[in-house]
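Asks: This is the content of target08.txt (compact mmCIF, C-alpha atoms):
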```
# COMPACT_ATOMS: atom_id res chain seq x y z
CA MET A 1 0.00 0.00 0.00
CA SER A 2 1.28 3.49 -0.77
CA ILE A 3 -0.31 6.89 -0.17
CA VAL A 4 0.92 10.37 -1.07
CA PHE A 5 -0.07 13.19 1.30
CA ASP A 6 0.27 16.64 -0.28
CA THR A 7 -0.15 18.83 2.82
CA ALA A 8 1.05 16.65 5.71
CA THR A 9 4.37 16.11 7.42
CA ALA A 10 5.76 12.64 8.02
CA GLU A 11 5.47 13.10 11.79
CA ASP A 12 1.81 14.08 11.51
CA VAL A 13 0.96 11.01 9.42
CA ILE A 14 2.80 8.75 11.87
CA ARG A 15 0.98 10.20 14.89
CA HIS A 16 -2.52 10.75 13.49
CA ILE A 17 -2.94 8.20 10.68
CA LEU A 18 -0.80 5.28 11.85
CA CYS A 19 -1.41 6.26 15.51
CA LEU A 20 2.18 5.41 16.41
CA PRO A 21 4.78 7.40 18.38
CA THR A 22 7.44 8.97 16.17
CA ASP A 23 10.32 8.07 18.49
CA ILE A 24 10.07 4.35 17.66
CA PHE A 25 11.00 5.07 14.03
CA ASN A 26 14.53 5.15 12.68
CA VAL A 27 15.10 8.40 10.76
CA TYR A 28 17.79 8.80 8.13
CA PRO A 29 18.49 10.85 4.98
CA ALA A 30 16.84 9.33 1.93
CA THR A 31 15.33 10.47 -1.34
CA VAL A 32 12.55 9.24 -3.62
CA LYS A 33 13.00 9.44 -7.39
CA PHE A 34 11.40 12.54 -8.91
CA LYS A 35 10.31 13.80 -5.45
CA THR A 36 11.82 16.38 -3.08
CA TYR A 37 11.68 14.28 0.10
CA GLN A 38 14.95 14.39 2.05
CA ALA A 39 14.38 11.95 4.94
CA ARG A 40 12.75 8.61 5.69
CA TRP A 41 11.11 7.33 8.87
CA GLU A 42 11.25 3.54 9.08
CA ILE A 43 10.07 0.83 11.44
CA GLY A 44 9.94 -2.77 10.24
CA ASP A 45 8.14 -2.75 6.91
CA ILE A 46 6.53 0.67 7.31
CA TYR A 47 8.23 3.64 5.62
CA VAL A 48 7.32 7.32 5.55
CA SER A 49 9.33 9.65 3.30
CA GLY A 50 9.09 13.35 4.09
CA ASP A 51 10.94 16.53 5.04
CA ALA A 52 10.34 17.91 1.54
CA LYS A 53 12.61 20.69 0.34
CA LYS A 54 11.23 24.13 1.06
CA THR A 55 10.51 26.00 -2.14
CA GLU A 56 8.68 29.08 -3.31
CA ASP A 57 5.55 26.99 -3.91
CA ASN A 58 6.02 24.88 -0.77
CA PRO A 59 7.64 27.19 1.82
CA GLN A 60 6.79 24.88 4.74
CA GLY A 61 8.21 21.75 3.15
CA LEU A 62 4.93 19.85 3.40
CA GLY A 63 4.18 16.52 1.78
CA CYS A 64 5.06 12.92 2.56
CA TYR A 65 4.80 9.41 1.13
CA LEU A 66 3.63 6.40 3.16
CA VAL A 67 4.60 2.90 1.99
CA MET A 68 3.67 -0.36 3.74
CA THR A 69 4.67 -3.79 2.46
CA GLY A 70 2.48 -6.83 3.09
CA ARG A 71 4.08 -7.35 6.49
CA GLY A 72 3.74 -3.67 7.31
CA CYS A 73 0.03 -3.86 6.50
CA ASP A 74 -0.25 -6.93 8.75
CA ASP A 75 1.34 -4.99 11.61
CA ILE A 76 -1.04 -2.05 11.21
CA PHE A 77 -4.01 -4.43 10.80
CA ARG A 78 -3.24 -5.99 14.19
CA ILE A 79 -3.09 -2.57 15.83
CA LEU A 80 -6.38 -1.55 14.21
CA ASP A 81 -8.04 -4.87 15.01
CA ASN A 82 -7.02 -4.67 18.68
CA ASN A 83 -8.92 -1.38 18.82
CA GLY A 84 -11.97 -2.69 16.98
CA LEU A 85 -11.05 -0.76 13.83
CA THR A 86 -10.37 -1.58 10.15
CA PHE A 87 -8.31 -0.07 7.35
CA GLY A 88 -11.54 1.63 6.29
CA ASP A 89 -11.41 3.58 9.55
CA MET A 90 -7.78 4.49 8.89
CA PHE A 91 -8.67 5.74 5.41
CA GLY A 92 -11.45 7.82 6.97
CA ARG A 93 -8.90 9.45 9.26
CA CYS A 94 -6.93 10.56 6.19
CA GLU A 95 -9.95 12.36 4.77
CA ARG A 96 -11.04 13.97 8.04
CA ARG A 97 -7.57 15.25 8.86
CA TYR A 98 -6.31 16.40 5.46
CA GLY A 99 -9.37 16.78 3.24
CA ALA A 100 -10.50 14.71 0.26
CA GLY A 101 -8.25 16.36 -2.32
CA ASN A 102 -5.03 16.43 -0.32
CA TYR A 103 -4.01 12.78 -0.39
CA HIS A 104 -4.22 9.96 -2.91
CA PHE A 105 -3.43 6.27 -3.06
CA THR A 106 -0.79 5.28 -5.59
CA ARG A 107 -0.93 1.52 -4.97
CA LEU A 108 -3.20 -0.90 -3.18
CA ASP A 109 -2.90 -4.70 -3.25
CA VAL A 110 -5.95 -6.81 -2.42
CA ALA A 111 -5.57 -10.54 -1.72
CA ILE A 112 -8.11 -13.36 -1.76
CA ASP A 113 -6.92 -16.57 -0.09
CA ASP A 114 -8.31 -19.99 -0.92
CA ARG A 115 -7.41 -22.23 2.03
CA ASN A 116 -9.74 -25.08 1.07
CA GLU A 117 -8.23 -28.56 1.15
CA THR A 118 -9.42 -28.91 -2.44
CA PRO A 119 -8.91 -25.46 -4.00
CA PHE A 120 -11.40 -23.90 -6.40
CA PHE A 121 -8.67 -23.96 -9.04
CA THR A 122 -4.95 -24.61 -9.33
CA ILE A 123 -2.37 -22.18 -10.66
CA GLU A 124 -1.73 -24.67 -13.45
CA GLN A 125 -5.38 -24.34 -14.54
CA ILE A 126 -5.04 -20.55 -14.68
CA LYS A 127 -1.82 -20.92 -16.67
CA LYS A 128 -3.48 -23.18 -19.23
CA LYS A 129 -6.41 -20.77 -19.63
CA CYS A 130 -3.95 -17.96 -20.35
CA GLU A 131 -1.99 -20.05 -22.84
CA LYS A 132 -5.24 -20.78 -24.69
CA GLU A 133 -6.28 -17.09 -24.49
CA GLU A 134 -9.44 -18.20 -22.71
CA PHE A 135 -9.87 -15.17 -20.48
CA ILE A 136 -11.29 -11.65 -20.72
CA ALA A 137 -9.60 -8.95 -18.67
CA ASN A 138 -9.51 -5.18 -18.34
CA SER A 139 -5.78 -5.21 -19.17
CA GLU A 140 -3.88 -7.18 -21.79
CA GLY A 141 -0.92 -9.51 -21.58
CA TYR A 142 0.20 -12.28 -19.27
CA HIS A 143 3.37 -14.05 -18.24
CA PHE A 144 4.45 -16.89 -15.97
CA ASP A 145 7.07 -17.45 -13.33
CA GLU A 146 8.10 -20.88 -12.11
CA SER A 147 10.65 -21.92 -9.49
CA LYS A 148 11.78 -25.27 -8.18
CA PHE A 149 9.87 -26.43 -5.09
CA ASP A 150 11.16 -29.97 -4.69
CA ASP A 151 12.45 -32.76 -6.90
CA PHE A 152 9.00 -33.41 -8.33
CA ASP A 153 7.17 -30.09 -8.32
CA THR A 154 7.45 -26.34 -8.94
CA ALA A 155 5.91 -23.22 -7.42
CA LYS A 156 3.99 -21.30 -10.07
CA THR A 157 2.89 -17.69 -10.48
CA VAL A 158 0.66 -16.33 -13.23
CA TYR A 159 0.54 -12.59 -13.96
CA ILE A 160 -2.25 -11.01 -16.01
CA GLY A 161 -1.95 -7.38 -17.09
CA ALA A 162 0.99 -4.99 -16.96
CA GLY A 163 2.31 -4.16 -13.49
CA LYS A 164 2.03 -0.42 -14.19
CA SER A 165 -1.57 -0.61 -15.39
CA GLY A 166 -4.48 0.52 -13.23
CA LEU A 167 -5.46 -3.06 -12.37
CA SER A 168 -3.43 -6.25 -12.77
CA TYR A 169 -3.63 -9.75 -11.31
CA ARG A 170 -1.34 -12.33 -9.75
CA PHE A 171 -2.17 -15.97 -8.98
CA TYR A 172 0.35 -18.07 -7.06
CA ASP A 173 1.05 -21.04 -4.79
CA LYS A 174 1.13 -19.30 -1.43
CA ASP A 175 1.50 -22.65 0.35
CA LYS A 176 4.75 -23.40 -1.44
CA GLU A 177 6.03 -19.86 -0.84
CA VAL A 178 5.45 -20.26 2.91
CA CYS A 179 7.14 -23.68 2.92
CA GLY A 180 10.21 -22.22 1.25
CA LYS A 181 10.43 -19.19 3.54
CA TYR A 182 9.88 -20.95 6.84
CA ASN A 183 11.20 -24.46 6.11
CA ARG A 184 7.82 -26.10 6.62
CA THR A 185 6.12 -28.99 4.81
CA LEU A 186 2.99 -28.80 2.67
CA ASP A 187 1.19 -30.96 5.21
CA GLU A 188 1.97 -28.43 7.93
CA VAL A 189 0.90 -25.42 5.86
CA GLY A 190 -2.07 -26.95 4.05
CA SER A 191 -3.41 -25.96 0.63
CA TRP A 192 -3.19 -22.20 0.08
CA LYS A 193 -3.76 -20.54 -3.29
CA ARG A 194 -3.68 -16.75 -3.44
CA THR A 195 -5.33 -14.38 -5.92
CA GLU A 196 -4.01 -10.82 -5.77
CA MET A 197 -5.23 -7.68 -7.47
CA GLN A 198 -2.81 -4.80 -7.76
CA LEU A 199 -4.50 -1.42 -8.13
CA ARG A 200 -2.67 1.78 -8.99
CA ASP A 201 -3.40 5.49 -8.86
CA GLU A 202 -7.05 6.36 -9.63
CA LYS A 203 -8.27 2.77 -9.32
CA ALA A 204 -6.39 2.28 -6.05
CA HIS A 205 -7.91 5.44 -4.64
CA ALA A 206 -11.41 4.55 -5.86
CA PHE A 207 -11.25 1.11 -4.23
CA ALA A 208 -9.94 2.60 -0.98
CA MET A 209 -12.88 5.02 -0.92
CA ALA A 210 -15.32 2.15 -1.54
CA PHE A 211 -13.72 0.27 1.35
CA GLN A 212 -13.91 3.36 3.54
CA ALA A 213 -17.66 3.52 2.90
CA ARG A 214 -18.13 -0.24 3.51
CA PRO A 215 -15.33 -1.16 5.98
CA LEU A 216 -16.82 -4.51 7.03
CA GLU A 217 -17.34 -5.76 3.48
CA ILE A 218 -13.79 -6.14 2.14
CA GLY A 219 -14.51 -9.69 0.93
CA GLU A 220 -17.60 -8.65 -1.04
CA LEU A 221 -15.74 -5.64 -2.48
CA ALA A 222 -12.74 -7.74 -3.54
CA PHE A 223 -14.83 -10.46 -5.21
CA GLY A 224 -17.05 -7.83 -6.81
CA LEU A 225 -14.04 -6.04 -8.29
CA LEU A 226 -12.63 -9.31 -9.58
CA ALA A 227 -15.96 -10.38 -11.10
CA ASP A 228 -16.34 -7.08 -12.95
CA ASN A 229 -12.85 -7.06 -14.45
CA LEU A 230 -11.64 -10.62 -15.09
CA ARG A 231 -13.37 -13.70 -16.46
CA PHE A 232 -12.08 -17.13 -17.48
CA VAL A 233 -14.19 -18.61 -20.23
CA VAL A 234 -14.92 -21.79 -22.18
CA ALA A 235 -13.92 -21.56 -25.83
CA ASN A 236 -16.72 -21.60 -28.39
CA ARG A 237 -15.24 -21.80 -31.85
CA ASN A 238 -18.66 -21.12 -33.39
CA GLU A 239 -18.75 -17.71 -31.72
CA SER A 240 -16.20 -15.12 -32.84
CA ASN A 241 -17.12 -12.65 -30.07
CA LYS A 242 -15.23 -13.88 -27.02
CA SER A 243 -17.39 -11.78 -24.67
CA ARG A 244 -20.24 -14.16 -25.46
CA TRP A 245 -18.29 -17.24 -24.37
CA LYS A 246 -19.58 -18.83 -21.18
CA THR A 247 -17.73 -18.38 -17.91
CA CYS A 248 -15.86 -21.54 -16.99
CA ARG A 249 -17.17 -23.58 -14.08
CA PHE A 250 -14.25 -23.15 -11.66
CA TRP A 251 -14.45 -19.35 -11.98
CA GLN A 252 -18.20 -19.34 -11.41
CA ARG A 253 -17.78 -21.44 -8.28
CA PHE A 254 -14.92 -19.28 -7.01
CA LEU A 255 -16.80 -16.00 -7.41
CA GLY A 256 -20.18 -17.30 -6.30
CA ALA A 257 -23.17 -14.98 -6.59
CA VAL A 258 -21.31 -11.70 -6.02
CA GLU A 259 -22.50 -8.21 -6.89
CA LEU A 260 -20.27 -6.55 -9.47
CA LEU A 261 -18.22 -3.65 -8.13
CA LYS A 262 -17.80 -0.87 -10.68
CA LEU A 263 -15.18 1.58 -9.47
CA HIS A 264 -16.06 5.23 -9.86
CA VAL A 265 -12.85 6.67 -11.24
CA PRO A 266 -12.99 10.40 -11.99
CA THR A 267 -11.88 11.17 -15.52
CA PRO A 268 -8.30 12.31 -15.12
CA HIS A 269 -7.54 15.73 -16.57
CA ASN A 270 -4.20 16.60 -18.05
CA SER A 271 -2.97 19.59 -16.09
CA LEU A 272 -0.78 20.67 -19.00
CA GLU A 273 -3.87 20.90 -21.18
CA GLU A 274 -5.27 23.38 -18.68
CA THR A 275 -2.00 25.30 -18.81
CA GLN A 276 -2.17 25.27 -22.61
CA GLN A 277 -5.72 26.62 -22.45
CA TRP A 278 -4.53 29.38 -20.13
CA LEU A 279 -1.71 30.21 -22.54
CA THR A 280 -4.04 30.59 -25.51
CA GLU A 281 -7.11 32.09 -23.83
CA GLY A 282 -5.23 34.21 -21.32
CA GLY A 283 -3.37 36.13 -24.01
CA VAL A 284 0.12 34.87 -23.15
CA ILE A 285 0.73 33.34 -26.57
CA SER A 286 -0.47 36.53 -28.24
CA ALA A 287 2.02 38.53 -26.18
CA VAL A 288 4.87 36.16 -27.11
CA LYS A 289 3.85 36.41 -30.76
CA GLY A 290 3.98 40.20 -30.45
CA PHE A 291 7.50 40.11 -29.06
CA TYR A 292 8.60 37.79 -31.86
CA PHE A 293 7.05 40.23 -34.36
CA LEU A 294 9.02 43.13 -32.90
CA GLU A 295 12.21 41.07 -32.84
CA SER A 296 11.82 39.90 -36.45
CA HIS A 297 11.46 43.52 -37.58
CA ASP A 298 14.37 44.78 -35.43
CA ALA A 299 11.91 46.90 -33.45
CA LEU A 300 12.48 45.76 -29.86
CA GLY A 301 14.10 48.98 -28.83
CA GLY A 302 15.15 48.44 -25.21
CA LEU A 303 13.03 45.27 -24.77
CA GLU A 304 14.57 41.82 -24.29
CA ARG A 305 14.58 39.10 -26.92
CA VAL A 306 12.19 36.20 -26.26
CA GLY A 307 15.06 33.70 -26.49
CA ASP A 308 17.02 35.54 -23.77
CA MET A 309 13.97 35.61 -21.49
CA VAL A 310 13.38 31.88 -22.07
CA ASP A 311 17.02 31.07 -21.26
CA LYS A 312 16.71 32.82 -17.88
CA ALA A 313 13.29 31.38 -17.03
CA ARG A 314 12.90 28.58 -14.50
CA TYR A 315 9.88 26.31 -13.97
CA SER A 316 7.83 26.78 -10.84
CA THR A 317 7.48 23.59 -8.78
CA SER A 318 3.80 23.53 -9.76
CA LEU A 319 4.59 23.59 -13.49
CA SER A 320 7.47 21.18 -12.94
CA SER A 321 5.04 18.69 -11.37
CA LYS A 322 2.70 19.02 -14.35
CA LEU A 323 5.55 18.48 -16.82
CA THR A 324 6.82 15.47 -14.85
CA ALA A 325 3.37 13.89 -14.69
CA HIS A 326 2.92 14.44 -18.44
CA LEU A 327 6.29 12.85 -19.24
CA GLN A 328 5.51 9.84 -17.03
CA ARG A 329 2.13 9.46 -18.72
CA ILE A 330 3.63 9.39 -22.24
CA ASP A 331 6.57 7.19 -21.15
CA ARG A 332 9.28 9.84 -21.69
CA THR A 333 10.76 9.73 -18.19
CA GLU A 334 14.30 10.20 -19.58
CA LEU A 335 13.44 13.92 -19.92
CA ILE A 336 12.45 14.38 -16.28
CA PRO A 337 15.99 15.20 -15.01
CA TYR A 338 16.13 18.12 -17.47
CA VAL A 339 12.86 19.48 -16.07
CA GLN A 340 14.19 19.09 -12.52
CA TYR A 341 17.39 20.91 -13.48
CA ASP A 342 15.39 23.89 -14.75
CA THR A 343 13.06 24.07 -11.74
CA LYS A 344 13.24 26.92 -9.20
CA ASN A 345 14.72 26.20 -5.76
CA ARG A 346 15.80 22.68 -6.56
```
Write the structure described by the file as structure tokens, please.
Replies:
Amino acid sequence: MSIVFDTATAEDVIRHILCLPTDIFNVYPATVKFKTYQARWEIGDIYVSGDAKKTEDNPQGLGCYLVMTGRGCDDIFRILDNNGLTFGDMFGRCERRYGAGNYHFTRLDVAIDDRNETPFFTIEQIKKKCEKEEFIANSEGYHFDESKFDDFDTAKTVYIGAGKSGLSYRFYDKDKEVCGKYNRTLDEVGSWKRTEMQLRDEKAHAFAMAFQARPLEIGELAFGLLADNLRFVVANRNESNKSRWKTCRFWQRFLGAVELLKLHVPTPHNSLEETQQWLTEGGVISAVKGFYFLESHDALGGLERVGDMVDKARYSTSLSSKLTAHLQRIDRTELIPYVQYDTKNR
């Protein structure tokens, strides 16, 4: 799980969101790529990056980034559970303390564990469905990972969807993973197949808000999300439209009679498009065109050339953030260091 807080300090998030004392954390200098955080607070598998550089746009150095691994989430769950609370309550604290628009989830992993002695499906079955292209998902692509478990068997993982997409899936032999980590036998651990959904950015935030509204229904929400976005099917070669193929039996049994969960994801707006609109409608482009006109006719008089003004200009941190987000969105991250170099108060 990871959450970005735009207007909070690391200490405030630790005290009021995690409800932990700050003095139990180790603090050391650390940075996060493309961010201005200068320090990290760490305890176990819980990390909070903060102490952002003070700039013209952020004179107080606000902003921090909370990351919890699976074990970190387990630790916080136990604390919440001991107080009769859920993660939904924790998410509610974020909104009450900082306001709805001042924090956002960047990643949220949701797991469904099948601990039945006879599982609803095996990872091998999922793999075969993928190899035959007998599935319908919100994101394309799949790949497999396989590692040696013993002399006669392997531990398998199936990935569906790109890891950086809004929603992707992972199916794996959790029982074999636990055996390998803790030197236990399959008989001791028992059958354990895990289905994980990895949500990012808008989808992660939307699911967190749904969970906040229905904190005691995480199972229904998880199955509903899965049912609405992924389906394994039975091939029908007489039907060219795969969406009309019937859902395979093991998937029907696994999902049961769940209500589909359609995430309400606000349509993301490109902040640079708004800046472009301001440039054209606000008269800035017209002014620049006027200066170019004067320059081309050797009529600047004592005014500066546009090129000289551009060379001296530096991006505000607000514009820098918009440019960085745009470059990440179009997969041109190699240009981000140049934007950072030309940003005020780096």
Asks: Tell me, in Å to one decimal, how far atom CA of Arg253 of chain A is from atom CA of Phe149 of chain A.
Replies: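 Rounded to one decimal, the two atoms are 28.3 Å apart.
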Asks: Which protein, DNA or RNA residues are at most 12 Å from (8.2, -24.1, -1.3) in the file's coordinates when you count all atoms listed in the file, listed as a ChimeraX atom specification?
Replies: /A:146-156,172-192
Asks: Would you please work out which residue, of A:Thr122, A:Ser168, A:Asn58, A:Thr69, is nearest to Ala204 of chain A when using only C-alpha atoms?
Replies: A:Ser168
Asks: Name the closest residue to Val158 of chain A among the candidates A:Gly63, A:Gly92, A:Gly84, A:Gly141; distances are taken between atoms, counting all atoms listed in the file.
Replies: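 Among A:Gly63, A:Gly92, A:Gly84, A:Gly141, it is A:Gly141 that comes nearest to Val158 of chain A.
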Asks: Which residue is closest to Ile79 of chain A? Choose from A:Cys19, A:Ala206, A:Leu167, A:Met309 and count only C-alpha atoms.
Replies: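 That would be A:Cys19, the residue with the smallest distance to Ile79 of chain A.
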Asks: How far is it from atom CA of Phe121 of chain A to atom CA of Phe250 of chain A, in Å with one decimal?
Replies: 6.2 Å
Asks: Which distance in Å separates atom CA of Asp201 of chain A and atom CA of His104 of chain A, to one decimal?
Replies: 7.5 Å
Asks: Is there a way to get, as an MDAnalysis selection string, all residues within 12 Å of the point (3.2, 10.6, -1.6) in file coordinates, counting all atoms listed in the file?
Replies: chainID A and resid 1:10 13 32:37 47:52 62:67 102:107 201
Asks: Would you please work out which residue, of A:Tyr159, A:Tyr98, A:Trp278, A:Phe91, is nearest to Glu131 of chain A when using all atoms listed in the file?
Replies: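 Between A:Tyr159, A:Tyr98, A:Trp278, A:Phe91, the residue approaching Glu131 of chain A most closely is A:Tyr159.
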Asks: For a quick check of understanding, using all atoms listed in the file, which of A:Asp89, A:Glu11, A:Glu56, A:Asp109 has the smallest distance to Met68 of chain A?
Replies: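 Ranked by minimum distance to Met68 of chain A, first place goes to A:Asp109.
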Asks: Smallest atom-to-atom distance to Arg96 of chain A: which of A:His16, A:Thr280, A:Leu221, A:Glu42, using only C-alpha atoms?
Replies: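 Of the candidates, the smallest distance to Arg96 of chain A is held by A:His16.
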Asks: Excluding Phe120 of chain A and its own-chain neighbours fewer than 3 positions away, which residues fall within 10 Å of it when counting all atoms listed in the file? Please give them as a PyMOL selection string.
Replies: chain A and resi 114-117+193+249-255
Asks: List the neighbours of segment 234-242 of chain A out to 9 Å using all atoms listed in the file; skip same-chain residues closer than 5 positions along the sequence, and give me the result as a VMD selection string.
Replies: chain A and resid 129 132 to 136 247 to 249
Asks: Using the atoms already present, construct all heavy atoms for segment 150-159 of chain A and hand them back as a PDB file, in the frame of the given file.
Replies:
```pdb
ATOM      1  N   ASP A 150      10.448 -28.769  -5.124  1.00  0.00           N
ATOM      2  CA  ASP A 150      11.160 -29.970  -4.690  1.00  0.00           C
ATOM      3  C   ASP A 150      11.560 -30.752  -5.937  1.00  0.00           C
ATOM      4  O   ASP A 150      11.486 -30.223  -7.056  1.00  0.00           O
ATOM      5  CB  ASP A 150      10.315 -30.819  -3.719  1.00  0.00           C
ATOM      6  CG  ASP A 150       8.970 -31.249  -4.310  1.00  0.00           C
ATOM      7  OD1 ASP A 150       8.880 -31.389  -5.555  1.00  0.00           O
ATOM      8  OD2 ASP A 150       8.009 -31.442  -3.550  1.00  0.00           O
ATOM      9  N   ASP A 151      11.973 -31.984  -5.749  1.00  0.00           N
ATOM     10  CA  ASP A 151      12.450 -32.760  -6.900  1.00  0.00           C
ATOM     11  C   ASP A 151      11.359 -33.091  -7.899  1.00  0.00           C
ATOM     12  O   ASP A 151      11.649 -33.456  -9.049  1.00  0.00           O
ATOM     13  CB  ASP A 151      13.095 -34.073  -6.406  1.00  0.00           C
ATOM     14  CG  ASP A 151      14.400 -33.825  -5.666  1.00  0.00           C
ATOM     15  OD1 ASP A 151      14.991 -32.745  -5.881  1.00  0.00           O
ATOM     16  OD2 ASP A 151      14.812 -34.696  -4.876  1.00  0.00           O
ATOM     17  N   PHE A 152      10.107 -32.959  -7.476  1.00  0.00           N
ATOM     18  CA  PHE A 152       9.000 -33.410  -8.330  1.00  0.00           C
ATOM     19  C   PHE A 152       7.999 -32.292  -8.680  1.00  0.00           C
ATOM     20  O   PHE A 152       7.062 -32.514  -9.420  1.00  0.00           O
ATOM     21  CB  PHE A 152       8.242 -34.557  -7.652  1.00  0.00           C
ATOM     22  CG  PHE A 152       9.126 -35.672  -7.193  1.00  0.00           C
ATOM     23  CD1 PHE A 152       9.506 -35.770  -5.870  1.00  0.00           C
ATOM     24  CD2 PHE A 152       9.617 -36.604  -8.098  1.00  0.00           C
ATOM     25  CE1 PHE A 152      10.334 -36.801  -5.433  1.00  0.00           C
ATOM     26  CE2 PHE A 152      10.449 -37.628  -7.677  1.00  0.00           C
ATOM     27  CZ  PHE A 152      10.820 -37.727  -6.344  1.00  0.00           C
ATOM     28  N   ASP A 153       8.209 -31.118  -8.148  1.00  0.00           N
ATOM     29  CA  ASP A 153       7.170 -30.090  -8.320  1.00  0.00           C
ATOM     30  C   ASP A 153       7.795 -28.701  -8.369  1.00  0.00           C
ATOM     31  O   ASP A 153       8.941 -28.496  -7.955  1.00  0.00           O
ATOM     32  CB  ASP A 153       6.182 -30.169  -7.142  1.00  0.00           C
ATOM     33  CG  ASP A 153       4.861 -29.492  -7.451  1.00  0.00           C
ATOM     34  OD1 ASP A 153       4.681 -29.038  -8.596  1.00  0.00           O
ATOM     35  OD2 ASP A 153       4.013 -29.407  -6.544  1.00  0.00           O
ATOM     36  N   THR A 154       7.013 -27.728  -8.871  1.00  0.00           N
ATOM     37  CA  THR A 154       7.450 -26.340  -8.940  1.00  0.00           C
ATOM     38  C   THR A 154       6.403 -25.437  -8.294  1.00  0.00           C
ATOM     39  O   THR A 154       5.236 -25.818  -8.146  1.00  0.00           O
ATOM     40  CB  THR A 154       7.655 -25.889 -10.397  1.00  0.00           C
ATOM     41  OG1 THR A 154       6.422 -26.050 -11.105  1.00  0.00           O
ATOM     42  CG2 THR A 154       8.744 -26.688 -11.075  1.00  0.00           C
ATOM     43  N   ALA A 155       6.826 -24.242  -7.908  1.00  0.00           N
ATOM     44  CA  ALA A 155       5.910 -23.220  -7.420  1.00  0.00           C
ATOM     45  C   ALA A 155       5.630 -22.273  -8.585  1.00  0.00           C
ATOM     46  O   ALA A 155       6.557 -21.774  -9.226  1.00  0.00           O
ATOM     47  CB  ALA A 155       6.519 -22.454  -6.249  1.00  0.00           C
ATOM     48  N   LYS A 156       4.368 -22.055  -8.865  1.00  0.00           N
ATOM     49  CA  LYS A 156       3.990 -21.300 -10.070  1.00  0.00           C
ATOM     50  C   LYS A 156       3.336 -19.967  -9.705  1.00  0.00           C
ATOM     51  O   LYS A 156       2.631 -19.852  -8.704  1.00  0.00           O
ATOM     52  CB  LYS A 156       3.019 -22.127 -10.916  1.00  0.00           C
ATOM     53  CG  LYS A 156       3.558 -23.477 -11.380  1.00  0.00           C
ATOM     54  CD  LYS A 156       2.504 -24.257 -12.133  1.00  0.00           C
ATOM     55  CE  LYS A 156       3.042 -25.616 -12.587  1.00  0.00           C
ATOM     56  NZ  LYS A 156       3.347 -26.502 -11.426  1.00  0.00           N
ATOM     57  N   THR A 157       3.562 -18.981 -10.572  1.00  0.00           N
ATOM     58  CA  THR A 157       2.890 -17.690 -10.480  1.00  0.00           C
ATOM     59  C   THR A 157       2.434 -17.290 -11.877  1.00  0.00           C
ATOM     60  O   THR A 157       3.199 -17.419 -12.846  1.00  0.00           O
ATOM     61  CB  THR A 157       3.827 -16.595  -9.933  1.00  0.00           C
ATOM     62  OG1 THR A 157       4.336 -17.001  -8.663  1.00  0.00           O
ATOM     63  CG2 THR A 157       3.078 -15.271  -9.765  1.00  0.00           C
ATOM     64  N   VAL A 158       1.201 -16.824 -11.968  1.00  0.00           N
ATOM     65  CA  VAL A 158       0.660 -16.330 -13.230  1.00  0.00           C
ATOM     66  C   VAL A 158       0.332 -14.856 -13.058  1.00  0.00           C
ATOM     67  O   VAL A 158      -0.332 -14.469 -12.094  1.00  0.00           O
ATOM     68  CB  VAL A 158      -0.621 -17.094 -13.649  1.00  0.00           C
ATOM     69  CG1 VAL A 158      -1.210 -16.492 -14.921  1.00  0.00           C
ATOM     70  CG2 VAL A 158      -0.319 -18.582 -13.841  1.00  0.00           C
ATOM     71  N   TYR A 159       0.821 -14.026 -13.976  1.00  0.00           N
ATOM     72  CA  TYR A 159       0.540 -12.590 -13.960  1.00  0.00           C
ATOM     73  C   TYR A 159      -0.340 -12.253 -15.168  1.00  0.00           C
ATOM     74  O   TYR A 159      -0.045 -12.667 -16.290  1.00  0.00           O
ATOM     75  CB  TYR A 159       1.837 -11.780 -14.076  1.00  0.00           C
ATOM     76  CG  TYR A 159       2.845 -12.038 -12.977  1.00  0.00           C
ATOM     77  CD1 TYR A 159       3.772 -13.079 -13.094  1.00  0.00           C
ATOM     78  CD2 TYR A 159       2.892 -11.238 -11.838  1.00  0.00           C
ATOM     79  CE1 TYR A 159       4.704 -13.323 -12.108  1.00  0.00           C
ATOM     80  CE2 TYR A 159       3.839 -11.472 -10.838  1.00  0.00           C
ATOM     81  CZ  TYR A 159       4.734 -12.503 -10.976  1.00  0.00           C
ATOM     82  OH  TYR A 159       5.660 -12.745  -9.992  1.00  0.00           O
TER      83      TYR A 159
END
```
